[in-house]
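Asker: Sharing target-v3.cif, mmCIF, C-alpha atoms:
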```
data_target
#
loop_
_atom_site.label_atom_id
_atom_site.label_comp_id
_atom_site.auth_asym_id
_atom_site.auth_seq_id
_atom_site.Cartn_x
_atom_site.Cartn_y
_atom_site.Cartn_z
CA MET F 22 114.96 -70.06 69.46
CA THR F 23 115.68 -73.48 67.93
CA SER F 24 112.49 -73.45 65.84
CA ASP F 25 113.30 -69.95 64.53
CA ALA F 26 116.79 -71.06 63.55
CA ASN F 27 115.40 -74.07 61.75
CA SER F 28 112.94 -71.88 59.85
CA VAL F 29 115.69 -69.54 58.69
CA THR F 30 117.86 -72.48 57.66
CA SER F 31 115.00 -74.06 55.77
CA PHE F 32 114.31 -70.75 53.99
CA PHE F 33 117.87 -70.42 52.73
CA GLN F 34 117.99 -74.08 51.77
CA GLN F 35 114.90 -73.58 49.62
CA ILE F 36 116.54 -70.61 47.90
CA LEU F 37 119.68 -72.63 47.21
CA HIS F 38 117.59 -75.52 45.89
CA ASP F 39 115.73 -73.20 43.50
CA LEU F 40 118.98 -71.66 42.29
CA TYR F 41 120.40 -75.14 41.82
CA ALA F 42 117.39 -76.21 39.75
CA SER F 43 117.42 -72.98 37.69
CA LEU F 44 121.08 -73.41 36.88
CA TYR F 45 120.48 -77.01 35.83
CA LEU F 46 117.63 -75.91 33.57
CA ALA F 47 119.80 -73.13 32.11
CA ILE F 48 122.39 -75.62 30.88
CA GLY F 49 119.80 -77.84 29.17
CA GLY F 50 118.70 -80.16 31.97
CA SER F 51 115.16 -81.20 32.87
CA LEU F 52 113.40 -81.30 36.22
CA GLU F 53 111.79 -84.60 35.24
CA GLU F 54 115.12 -86.40 35.41
CA GLU F 55 115.50 -88.61 38.47
CA THR F 56 119.17 -87.78 38.82
CA ARG F 57 120.89 -84.70 37.61
CA ASP F 58 123.82 -85.49 35.41
CA TRP F 59 125.94 -82.36 35.62
CA SER F 60 128.81 -83.81 33.61
CA SER F 61 126.66 -84.61 30.57
CA ARG F 62 124.98 -81.25 30.83
CA ALA F 63 128.39 -79.55 30.98
CA VAL F 64 129.50 -81.46 27.89
CA ASP F 65 126.35 -80.41 26.03
CA LEU F 66 126.84 -76.81 27.13
CA ALA F 67 130.46 -76.82 26.01
CA SER F 68 129.47 -78.37 22.69
CA THR F 69 126.81 -75.70 22.16
CA GLY F 70 129.27 -72.96 23.07
CA ILE F 71 131.83 -74.29 20.59
CA LYS F 72 129.20 -74.43 17.84
CA ILE F 73 128.13 -70.85 18.59
CA LEU F 74 131.76 -69.70 18.60
CA ILE F 75 132.44 -71.39 15.26
CA LEU F 76 129.34 -69.83 13.70
CA LEU F 77 130.28 -66.39 15.01
CA VAL F 78 133.84 -66.74 13.69
CA VAL F 79 132.56 -67.81 10.28
CA LEU F 80 130.06 -64.95 10.11
CA GLY F 81 132.69 -62.47 11.28
CA GLY F 82 135.13 -63.75 8.66
CA LEU F 83 132.54 -63.37 5.91
CA TYR F 84 131.79 -59.83 7.13
CA TRP F 85 135.42 -58.72 7.10
CA LEU F 86 136.00 -60.46 3.74
CA ALA F 87 133.09 -58.55 2.20
CA ILE F 88 134.41 -55.26 3.63
CA TYR F 89 137.90 -56.02 2.27
CA VAL F 90 136.61 -56.82 -1.22
CA ILE F 91 134.45 -53.67 -1.36
CA GLU F 92 137.28 -51.41 -0.17
CA LYS F 93 139.67 -52.86 -2.74
CA ASN F 94 137.16 -52.31 -5.52
CA GLN F 95 135.88 -48.95 -4.26
CA ALA F 96 136.96 -47.07 -7.38
CA ARG F 97 135.56 -49.74 -9.72
CA LEU F 98 132.23 -49.72 -7.86
CA ARG F 99 132.20 -45.88 -7.92
CA LEU F 100 131.71 -45.58 -4.19
CA ASN F 101 132.66 -42.34 -2.50
CA ASP F 102 133.40 -42.19 1.24
CA LYS F 103 129.75 -41.49 2.13
CA ARG F 104 128.41 -44.42 0.11
CA LEU F 105 131.16 -46.68 1.41
CA GLY F 106 130.07 -45.81 4.95
CA ILE F 107 126.48 -46.73 4.08
CA VAL F 108 127.57 -50.09 2.65
CA ARG F 109 129.60 -50.80 5.79
CA SER F 110 126.61 -50.00 7.99
CA VAL F 111 124.32 -52.32 5.99
CA LEU F 112 126.81 -55.19 6.10
CA ARG F 113 127.38 -54.64 9.82
CA TYR F 114 123.62 -54.80 10.42
CA PHE F 115 123.26 -58.07 8.48
CA TRP F 116 126.25 -59.53 10.35
CA LEU F 117 124.69 -58.60 13.70
CA VAL F 118 121.28 -60.07 12.77
CA ALA F 119 122.87 -63.26 11.40
CA SER F 120 124.90 -63.65 14.61
CA ILE F 121 121.79 -63.31 16.77
CA LEU F 122 119.90 -65.85 14.67
CA ALA F 123 122.86 -68.25 14.81
CA VAL F 124 122.95 -68.03 18.61
CA MET F 125 119.19 -68.50 18.84
CA SER F 126 119.34 -71.60 16.64
CA GLN F 127 121.78 -73.30 19.01
CA ILE F 128 120.00 -72.65 22.33
CA SER F 129 116.76 -74.59 21.71
CA ILE F 130 114.58 -71.66 20.73
CA GLN F 131 111.46 -72.51 18.76
CA PRO F 132 111.89 -72.25 14.96
CA ALA F 133 108.77 -70.06 14.76
CA THR F 134 110.39 -67.53 17.11
CA ILE F 135 113.60 -67.55 15.06
CA LYS F 136 111.61 -67.04 11.86
CA ALA F 137 109.64 -64.16 13.42
CA THR F 138 112.88 -62.58 14.64
CA ALA F 139 114.36 -62.78 11.13
CA LYS F 140 111.30 -61.10 9.60
CA ALA F 141 111.24 -58.45 12.31
CA SER F 142 114.93 -57.72 11.73
CA ILE F 143 114.33 -57.24 8.01
CA TRP F 144 111.45 -54.84 8.65
CA ALA F 145 113.47 -52.97 11.29
CA GLY F 146 116.36 -52.60 8.82
CA ILE F 147 114.06 -51.28 6.09
CA TYR F 148 112.50 -48.67 8.37
CA PHE F 149 115.90 -47.72 9.79
CA VAL F 150 117.18 -47.00 6.27
CA ALA F 151 114.04 -44.95 5.60
CA TRP F 152 114.59 -43.00 8.84
CA VAL F 153 118.24 -42.27 8.02
CA SER F 154 117.34 -41.22 4.46
CA SER F 155 114.43 -39.01 5.54
CA GLY F 156 116.64 -35.91 5.83
CA HIS F 157 117.95 -36.29 2.27
CA ILE F 158 114.43 -36.95 0.97
CA ILE F 159 113.09 -33.81 2.67
CA ASN F 160 115.89 -31.67 1.24
CA ARG F 161 115.13 -32.91 -2.28
CA VAL F 162 111.42 -32.19 -1.80
CA LEU F 163 112.16 -28.67 -0.55
CA ASN F 164 114.44 -27.96 -3.50
CA HIS F 165 112.07 -29.48 -6.05
CA TYR F 166 108.98 -27.57 -4.95
CA GLY F 167 110.79 -24.41 -3.85
CA LEU F 168 109.54 -24.67 -0.28
CA ASN F 169 111.04 -22.64 2.52
CA ALA F 170 113.71 -24.33 4.63
CA SER F 171 111.85 -23.25 7.78
CA ILE F 172 109.43 -26.17 7.41
CA GLU F 173 112.29 -28.68 7.27
CA GLN F 174 112.10 -29.39 11.01
CA LEU F 175 108.33 -29.89 10.82
CA LEU F 176 108.62 -32.38 7.96
CA LYS F 177 111.45 -34.21 9.72
CA ASN F 178 109.44 -34.55 12.93
CA VAL F 179 106.29 -35.74 11.16
CA LEU F 180 108.16 -38.20 8.94
CA SER F 181 110.23 -39.53 11.85
CA VAL F 182 107.13 -40.16 13.97
CA LEU F 183 105.39 -41.85 11.04
CA ILE F 184 108.39 -44.11 10.33
CA VAL F 185 108.80 -45.06 13.99
CA VAL F 186 105.09 -45.90 14.41
CA LEU F 187 104.93 -47.97 11.21
CA GLY F 188 108.22 -49.69 11.99
CA LEU F 189 107.13 -50.58 15.51
CA ALA F 190 103.80 -51.91 14.21
CA SER F 191 105.53 -54.02 11.54
CA VAL F 192 108.00 -55.50 14.02
CA LEU F 193 105.34 -56.30 16.63
CA ALA F 194 103.10 -57.85 13.97
CA GLN F 195 105.76 -60.51 13.30
CA PHE F 196 105.40 -61.73 16.90
CA GLY F 197 101.61 -61.99 16.78
CA PHE F 198 100.58 -58.70 18.38
CA ASP F 199 97.16 -57.29 17.47
CA ILE F 200 98.18 -54.01 15.80
CA VAL F 201 94.58 -52.86 15.24
CA SER F 202 93.81 -52.96 18.96
CA LEU F 203 97.13 -51.26 19.73
CA VAL F 204 96.43 -48.40 17.29
CA ALA F 205 92.89 -48.00 18.66
CA GLY F 206 94.27 -47.79 22.19
CA LEU F 207 96.86 -45.21 21.14
CA GLY F 208 94.07 -43.18 19.50
CA ILE F 209 92.05 -43.10 22.71
CA VAL F 210 95.12 -42.17 24.74
CA GLY F 211 95.99 -39.43 22.22
CA LEU F 212 92.47 -38.00 22.47
CA ALA F 213 92.71 -37.88 26.26
CA VAL F 214 96.12 -36.24 26.12
CA GLY F 215 94.80 -33.69 23.61
CA PHE F 216 92.05 -32.58 25.98
CA ALA F 217 94.51 -32.42 28.87
CA ALA F 218 97.03 -30.28 26.96
CA GLN F 219 94.90 -27.84 24.97
CA SER F 220 97.40 -24.97 25.23
CA THR F 221 100.23 -27.16 23.96
CA LEU F 222 98.01 -28.41 21.14
CA ALA F 223 97.09 -24.81 20.23
CA ASN F 224 100.79 -23.88 20.08
CA PHE F 225 101.47 -26.97 17.95
CA ILE F 226 98.76 -26.09 15.42
CA ALA F 227 99.88 -22.45 15.37
CA GLY F 228 103.47 -23.62 14.74
CA ILE F 229 102.36 -25.67 11.74
CA THR F 230 100.41 -22.66 10.43
CA ILE F 231 103.43 -20.36 10.82
CA LEU F 232 105.74 -22.79 9.02
CA LEU F 233 103.30 -23.34 6.16
CA GLU F 234 102.38 -19.66 5.66
CA GLN F 235 106.08 -18.65 5.67
CA SER F 236 105.27 -15.07 6.68
CA PHE F 237 108.73 -15.03 8.28
CA GLN F 238 111.56 -17.51 8.54
CA VAL F 239 114.75 -18.14 10.46
CA GLY F 240 117.14 -15.21 9.98
CA ASP F 241 114.45 -12.53 9.50
CA TRP F 242 114.34 -9.45 11.75
CA VAL F 243 110.81 -9.14 13.10
CA GLN F 244 108.70 -7.22 15.58
CA ILE F 245 106.21 -9.37 17.50
CA GLY F 246 104.18 -7.22 19.84
CA ASP F 247 106.69 -5.21 21.88
CA LYS F 248 109.54 -7.64 21.15
CA GLU F 249 112.00 -7.11 18.33
CA GLY F 250 114.85 -9.30 17.18
CA ARG F 251 116.20 -11.87 14.74
CA VAL F 252 114.35 -15.18 14.40
CA VAL F 253 116.73 -17.98 15.38
CA LEU F 254 114.32 -20.92 15.72
CA ILE F 255 110.75 -21.79 14.73
CA SER F 256 109.75 -24.98 16.53
CA LEU F 257 106.38 -26.67 16.72
CA ARG F 258 105.59 -25.03 20.08
CA THR F 259 107.56 -21.78 20.32
CA THR F 260 109.36 -19.15 18.26
CA HIS F 261 112.77 -17.91 19.46
CA ILE F 262 114.04 -14.42 18.63
CA LEU F 263 117.43 -12.93 19.55
CA THR F 264 117.27 -9.25 20.55
CA ARG F 265 119.96 -6.60 20.08
CA ASP F 266 120.97 -7.18 23.71
CA ASN F 267 121.84 -10.81 22.86
CA VAL F 268 118.84 -12.03 24.86
CA THR F 269 116.76 -14.91 23.52
CA VAL F 270 113.01 -14.33 23.83
CA ILE F 271 110.84 -17.45 23.61
CA ILE F 272 107.29 -16.69 22.44
CA PRO F 273 104.51 -19.33 22.28
CA ASN F 274 103.33 -19.89 18.72
CA SER F 275 99.72 -19.22 19.68
CA THR F 276 100.78 -15.72 20.78
CA VAL F 277 102.71 -15.21 17.55
CA ALA F 278 99.74 -16.31 15.44
CA SER F 279 97.39 -13.87 17.21
CA SER F 280 99.83 -10.89 17.25
CA GLU F 281 100.77 -8.32 14.65
CA VAL F 282 104.08 -9.41 13.16
CA ILE F 283 106.25 -6.87 11.32
CA ASN F 284 108.90 -8.45 9.11
CA LEU F 285 111.62 -5.84 8.52
CA THR F 286 113.81 -8.01 6.29
CA SER F 287 111.33 -9.61 3.91
CA LYS F 288 112.54 -7.35 1.04
CA ASN F 289 115.97 -6.52 -0.36
CA PHE F 290 116.20 -3.21 1.53
CA VAL F 291 114.28 -1.31 4.20
CA ARG F 292 113.84 2.44 4.84
CA PHE F 293 114.34 4.36 8.06
CA ASP F 294 114.16 8.06 8.87
CA LEU F 295 115.21 10.65 11.43
CA ASN F 296 114.27 14.29 12.12
CA ILE F 297 116.60 17.31 12.13
CA ARG F 298 115.71 20.86 13.26
CA ILE F 299 117.39 23.98 11.86
CA ALA F 300 116.72 27.67 12.47
CA LEU F 301 114.00 29.48 10.51
CA GLU F 302 116.53 31.82 8.96
CA ALA F 303 118.96 29.03 7.98
CA GLU F 304 119.49 28.02 4.36
CA ILE F 305 117.60 24.78 3.77
CA GLU F 306 119.60 23.80 0.69
CA GLU F 307 122.91 24.26 2.51
CA ALA F 308 121.73 22.11 5.43
CA ARG F 309 120.41 19.49 3.00
CA GLN F 310 123.76 19.23 1.25
CA ILE F 311 125.62 18.85 4.55
CA VAL F 312 123.35 16.00 5.63
CA LEU F 313 123.61 14.33 2.20
CA ASP F 314 127.40 14.37 2.46
CA ILE F 315 127.20 12.61 5.80
CA LEU F 316 124.80 10.01 4.41
CA THR F 317 127.18 9.36 1.52
CA GLU F 318 130.07 8.76 3.91
CA THR F 319 128.11 6.24 5.97
CA ASP F 320 128.90 2.68 4.88
CA ASN F 321 125.62 1.01 5.80
CA ILE F 322 123.42 3.44 3.86
CA LEU F 323 122.57 2.54 0.26
CA ASP F 324 123.12 4.87 -2.71
CA ARG F 325 120.23 3.20 -4.55
CA PRO F 326 117.48 3.91 -3.68
CA GLU F 327 118.75 7.42 -3.06
CA PRO F 328 118.27 9.04 0.36
CA SER F 329 115.99 12.07 0.53
CA ILE F 330 115.84 15.14 2.75
CA THR F 331 112.61 17.17 2.71
CA VAL F 332 110.89 19.74 4.88
CA ARG F 333 108.51 17.97 7.18
CA GLU F 334 107.22 20.91 9.18
CA ILE F 335 107.81 24.59 9.87
CA SER F 336 107.33 24.85 13.62
CA ASP F 337 107.47 27.73 16.07
CA PHE F 338 111.11 27.07 16.83
CA GLY F 339 112.55 26.18 13.45
CA VAL F 340 112.33 24.08 10.30
CA ILE F 341 112.08 20.32 10.79
CA LEU F 342 113.76 18.25 8.08
CA ILE F 343 113.00 14.54 7.66
CA VAL F 344 115.88 12.41 6.47
CA ARG F 345 114.93 9.14 4.77
CA PHE F 346 117.57 6.53 3.95
CA TRP F 347 117.71 2.85 2.94
CA VAL F 348 119.78 0.00 4.34
CA LYS F 349 120.23 -3.70 3.62
CA PRO F 350 118.48 -6.30 5.80
CA SER F 351 121.83 -7.28 7.33
CA SER F 352 122.15 -3.76 8.80
CA VAL F 353 118.73 -3.64 10.48
CA ALA F 354 120.11 -4.91 13.77
CA ARG F 355 122.52 -1.90 13.89
CA ILE F 356 119.95 0.78 13.12
CA PRO F 357 119.96 2.36 16.63
CA ALA F 358 123.76 2.72 16.55
CA ILE F 359 123.64 4.07 12.96
CA LYS F 360 121.07 6.72 13.91
CA GLU F 361 122.96 7.75 17.05
CA ASN F 362 126.19 8.15 15.08
CA MET F 363 124.42 10.17 12.38
CA HIS F 364 122.82 12.50 14.93
CA GLU F 365 126.22 13.26 16.41
CA ARG F 366 127.93 13.84 13.05
CA ILE F 367 125.06 16.00 11.74
CA LYS F 368 125.13 18.23 14.83
CA ILE F 369 128.89 18.76 14.55
CA ALA F 370 128.67 19.45 10.80
CA LEU F 371 125.84 22.00 11.20
CA GLN F 372 127.70 23.80 13.96
CA ASN F 373 130.86 23.98 11.82
CA ALA F 374 128.78 25.49 8.99
CA ASP F 375 127.30 28.13 11.37
CA ILE F 376 123.80 26.73 10.89
CA ALA F 377 121.91 27.27 14.11
CA ILE F 378 120.08 24.40 15.74
CA PRO F 379 117.18 26.09 17.54
CA TYR F 380 115.85 25.11 20.90
CA PRO F 381 112.48 25.96 22.44
CA HIS F 382 112.58 29.43 24.08
CA MET F 383 110.38 32.46 24.58
CA ARG F 384 111.08 36.23 24.53
CA ILE F 385 109.75 38.47 27.30
CA LEU F 386 109.41 42.24 26.51
CA MET F 387 109.34 44.51 29.55
CA PRO F 388 109.39 48.37 29.75
CA LYS F 389 112.58 49.56 31.40
CA GLU F 390 111.37 53.01 32.67
CA VAL F 391 108.01 54.75 32.72
CA ASP F 392 107.66 58.59 32.96
CA ASN F 393 104.11 59.89 33.63
CA GLY F 394 102.62 56.79 32.06
CA VAL F 395 104.74 57.11 28.94
CA ASP F 396 107.60 54.76 28.05
CA THR F 397 110.73 56.81 27.74
CA LYS F 398 113.08 53.91 26.88
CA PRO F 399 112.73 50.91 24.65
CA PHE F 400 111.67 47.57 25.99
CA GLU F 401 114.26 45.25 27.51
CA VAL F 402 114.44 41.96 25.72
CA THR F 403 115.14 38.85 27.80
CA ASP F 404 115.42 35.33 26.42
CA VAL F 405 114.27 32.57 28.70
CA LYS F 406 115.08 28.99 27.75
CA LYS F 407 112.32 26.51 28.26
CA SER F 408 114.20 23.67 29.82
CA SER F 409 113.90 21.50 32.86
CA ARG F 410 116.55 23.55 34.67
CA ASN F 411 114.36 26.69 34.55
CA LYS F 412 111.16 24.96 35.74
#
```
Would you mind writing the file's structure down as structure tokens?

Answerer:
Amino acid sequence: MTSDANSVTSFFQQILHDLYASLYLAIGGSLEEETRDWSSRAVDLASTGIKILILLVVLGGLYWLAIYVIEKNQARLRLNDKRLGIVRSVLRYFWLVASILAVMSQISIQPATIKATAKASIWAGIYFVAWVSSGHIINRVLNHYGLNASIEQLLKNVLSVLIVVLGLASVLAQFGFDIVSLVAGLGIVGLAVGFAAQSTLANFIAGITILLEQSFQVGDWVQIGDKEGRVVLISLRTTHILTRDNVTVIIPNSTVASSEVINLTSKNFVRFDLNIRIALEAEIEEARQIVLDILTETDNILDRPEPSITVREISDFGVILIVRFWVKPSSVARIPAIKENMHERIKIALQNADIAIPYPHMRILMPKEVDNGVDTKPFEVTDVKKSSRNK
């Protein structure tokens, strides 16, 4: 038991000794010294702290003085609030970098390391400004070349990745890293990841194709396969559409690229139609005028191009009229409700005008009485409706 206790005590004493030595080194001492002069080390540490504090106060004063001068001369310098914010950010960045370099210069860091840090800070600031300005640059490019805004996210992602990679390479190069070997290693890793994620890569390529072709864009009402809705997002991997039921459907871009896509809002107006049946003996012109009046009273239906009502078919049970009308793209989402409302109003209007709406039926003729094989009375006529209730 005594030997075990001594071992534990020796273990903790070694830990305390190491902490003691580390603390002495941290305040500027050396392990080669025969005796550790804590008082002189404390004086040196306090002197270094005071120097650092003075440098930070001076740098902070210069920063606030520059901000004060710029704000007082904002009108003369023609700086709006946005530009003033940019100037503040730049000055704040230089103040932060200068403070770090001042601290490093007072804590015995090698001059080469301080110089590399200064260069790396300059490169980091340049690439940060480029990254912040990338959105404005992309907007100007889109406006100048008349490109669709749907590819804005693609350009932002590509430009952001490019800026980050180049910025990281430039910063690491200041500290002696071999950038060529690093890029080669990233290329090998990217190749391996590409083979491991072929479906994701296929969706990515399809997303780029969709954004560049601009066959549809955000805000369009489209039909993709059996899905129909408004496009709310085109990302690099998926396309999001919002249906009439307020349900978001997320479709992989590879599926979109290989499917038939119907864009209902690519033009200034789109045409729809519905069928109406009237009796064979009804006046077609009278029914046409009634339906035209209803179309005129409907807000979402355009007067130009004019709606049309023509005879589509003369069937066994009546005359089928086809009603064609035009609406704006903003009304496409409400087409089912528009058609349902028109069906109801047309039925009521035809009934009020005594225009019969036929239904499928058949007439059965049967002799009522037979006398010596000769019909003595006319046939009895019975109408039988062909409906599910009579089956």

Asker: So that I can check the surroundings of segment 80-95 of chain F, please list as a count of residues only every protein, DNA and RNA residue that reaches within 9 Å of it, counting only C-alpha atoms and ignoring chain neighbours fewer than 6 positions away.

Answerer: 10

Asker: Output, as AutoDock Vina command-line options, the centre and edge lengths in Å (one decimal) of the axis-aligned box that contains all listed atoms of segment 243-250 of chain F with 8 Å of margin on each side.

Answerer:
```
--center_x 109.5 --center_y -7.3 --center_z 17.5 --size_x 26.7 --size_y 20.2 --size_z 24.8
```

Asker: Within 9 Å of His261 of chain F, counting all atoms listed in the file, which residues qualify if same-chain residues fewer than 3 places away don't, as a list in words?

Answerer: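 Within the cut-off, the hits are Arg251, Val252, Val253, Leu254, Ile255, Ser256, Thr269, Val270, Ile271, Ile272 and Pro273 of chain F.
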
Asker: Can you tell me which residues surround Ala151 of chain F at a distance of at most 12 Å, considering all atoms listed in the file, apart from same-chain residues fewer than 6 positions away, and format the answer as a ChimeraX atom specification?

Answerer: /F:144-145,157-159,177,180-185,187-188

Asker: Please provide the set of residues having any atom within 7 Å of segment 122-131 of chain F, restricted to all atoms listed in the file, with same-chain residues fewer than 4 positions apart removed, written as a PDB file with C-alpha atoms, in the coordinates of the input.

Answerer:
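Final output, saved to out20.pdb:
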```pdb
ATOM      1  CA  THR F  69     126.810 -75.700  22.160  1.00  0.00           C
ATOM      2  CA  ILE F  73     128.130 -70.850  18.590  1.00  0.00           C
ATOM      3  CA  LEU F  76     129.340 -69.830  13.700  1.00  0.00           C
ATOM      4  CA  VAL F 118     121.280 -60.070  12.770  1.00  0.00           C
ATOM      5  CA  ILE F 135     113.600 -67.550  15.060  1.00  0.00           C
TER       6      ILE F 135
END
```

Asker: Mind giving me the straight-line distance from atom CA of Leu295 of chain F to atom CA of Ile378 of chain F in Å, one decimal?

Answerer: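 Spanning atom CA of Leu295 of chain F to atom CA of Ile378 of chain F is a straight-line distance of 15.2 Å.
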
Asker: With distances taken over all atoms listed in the file, which of F:Arg298, F:Lys248, F:Arg104, F:Arg265 is nearest to Pro381 of chain F?

Answerer: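 Answer, going by the shortest atom-to-atom distance: F:Arg298.
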
Asker: If the PyMOL selection byres ((chain F and resi 289) around 10) is run on the structure shown, which residues does it catch, given as a list in words?

Answerer: Leu285, Thr286, Ser287, Lys288, Phe290, Val291, Val348, Lys349, Pro350 and Ser351 of chain F

Asker: Write out, as an mmCIF file, in the coordinates of the input, the residues just selected, with C-alpha atoms.

Answerer:
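And here's result.cif as it stands now:
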```
data_model
loop_
_atom_site.group_PDB
_atom_site.id
_atom_site.type_symbol
_atom_site.label_atom_id
_atom_site.label_comp_id
_atom_site.auth_asym_id
_atom_site.auth_seq_id
_atom_site.Cartn_x
_atom_site.Cartn_y
_atom_site.Cartn_z
ATOM 1 C CA LEU F 285 111.620 -5.840 8.520
ATOM 2 C CA THR F 286 113.810 -8.010 6.290
ATOM 3 C CA SER F 287 111.330 -9.610 3.910
ATOM 4 C CA LYS F 288 112.540 -7.350 1.040
ATOM 5 C CA PHE F 290 116.200 -3.210 1.530
ATOM 6 C CA VAL F 291 114.280 -1.310 4.200
ATOM 7 C CA VAL F 348 119.780 0.000 4.340
ATOM 8 C CA LYS F 349 120.230 -3.700 3.620
ATOM 9 C CA PRO F 350 118.480 -6.300 5.800
ATOM 10 C CA SER F 351 121.830 -7.280 7.330
#
```

Asker: Rank nothing, just name the residue among F:Ala303, F:Leu176, F:Ala354, F:Ile376 nearest to Val340 of chain F, using all atoms listed in the file.

Answerer: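 Of all the options, F:Ala303 lies closest to Val340 of chain F.
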